[in-house]
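Enquirer: If you scroll down you'll find the structure; I have some questions about it.
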Amino acid sequence: MKSIMIVKSIAIFCGILCLAACANKTAITPVVVTEITDNLQVTAIMDMRVALGLPNLPLELKGTDTMINSPSGDLQVAIYTDSEGRKFSVEPTSSTVVEMDARGLLSSIPTNAPVMSQADIKARVAKMLEIAIPDFETISQSLSYEEGGKTDNYFFNWYGNMQVNDVNRPFIQVGVYRTGFIFSYYNTITLPITK
């Protein structure tokens, strides 16, 4: 019982540090999160990892940064990394995971790894988004859809309309390697409107 209270206290302290860093736009000392926590940002990442089929690895809070491809171009996000090098960006007010970046892990995929068909990859992405984004099927009906690829990478994109003062279109994007490895995820569609 005492260890649970200590973990909860650490989680609350981490959340306070993160919010303070967002307000001051300063870096904070990295904190490693390895257990279940009351930190809503970490909970959002854990939920996202389930949806994306990612391993449940320890997370380290790195501080804050600016997401330049957000609709405003200057969205402040909390940055977490896992022990394999994935980077998660979380909008701290709503605890929305707006980005997962695992491009650095692409080079570790064996060249002889089994390849999935594009149709199977597309079906996997659709199923993953149903889990990751509540009401995705309904939300996606009002978005424009595009897919593309570069060599062995596939990109599935949904775009919303720009609002007054936006510098970028809100979007959802999933990047998948030919093996089914998800190396990128973006979601700026479901951010709360602050205008």
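In the structure tokens, chains take letters A, B, ... by order of appearance, with residues numbered from 1 within each chain and ligands from 1 in the order shown.
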Taking the DSSP secondary structure from the backbone, can you list the residues of region 17-162 of chain A that are helix (DSSP H, G or I), as a ChimeraX atom specification?
Expert: /A:17-24,40-52,103-108,118-132,136-140
Enquirer: Could you give me, as a ChimeraX atom specification, the residues within 9 Å of region 97-111 of chain A, counting only C-alpha atoms and dropping anything in the same chain fewer than 5 positions from it?
Expert: /A:41,44-45,48,67,70,77,84-92,172,177,179,181-191
Enquirer: Calculated over only C-alpha atoms, which of the candidates A:Leu52, A:Leu40, A:Ile131, A:Met162 has the smallest distance to Gly175 (chain A)?
Expert: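 Of the candidates, the smallest distance to Gly175 (chain A) is held by A:Leu52.
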Enquirer: In Å, with one decimal, what is the gap from CA of Val42 (chain A) to CA of Glu137 (chain A)?
Expert: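 Going from CA of Val42 (chain A) over to CA of Glu137 (chain A), I get 25.3 Å.
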Enquirer: Residues near Val176 (chain A), anyone? I mean within 9 Å using only C-alpha atoms, not counting same-chain ones fewer than 6 positions away, as a list of chain:residue names.
Expert: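 Contacts, with the query itself left out: A:Ile121, A:Val125, A:Asp152, A:Asn153, A:Tyr154, A:Phe155, A:Phe156, A:Ile182, A:Phe183, A:Ser184.
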Enquirer: Taking only C-alpha atoms into account, name the residue in A:Asn39, A:Ser117, A:Gln141, A:Gln76 that is nearest to Arg178 (chain A).
Expert: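 Comparing A:Asn39, A:Ser117, A:Gln141, A:Gln76 against Arg178 (chain A), the winner is A:Ser117.
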Enquirer: For the atom pair CA of Asp74 (chain A) and CA of Arg49 (chain A), what is the interatomic distance in Å to one decimal place?
Expert: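 That distance, rounded to one decimal, is 25.2 Å.
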Enquirer: Residues of region 21-177 of chain A classed as strand (DSSP E) by DSSP on the backbone are to be reported as an NGL selection string.
Expert: :A and (31-33 or 59-67 or 75-82 or 87-91 or 96-101 or 144-150 or 153-159 or 171-177)
Enquirer: When you count only C-alpha atoms, which of these residues is closest to Pro134 (chain A): A:Gln163, A:Ser83, A:Lys122, A:Thr96?
Expert: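 Of the candidates, the smallest distance to Pro134 (chain A) is held by A:Thr96.
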Enquirer: Can you work out which one of A:Thr151, A:Ser95, A:Trp158, A:Asp82 has the shortest atom-to-atom distance to Lys62 (chain A), counting only C-alpha atoms?
Expert: A:Asp82
Enquirer: Please measure the separation of CA of Asn161 (chain A) and CA of Met128 (chain A), giving the value in Å to one decimal.
Expert: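 Separation between CA of Asn161 (chain A) and CA of Met128 (chain A): 23.4 Å.
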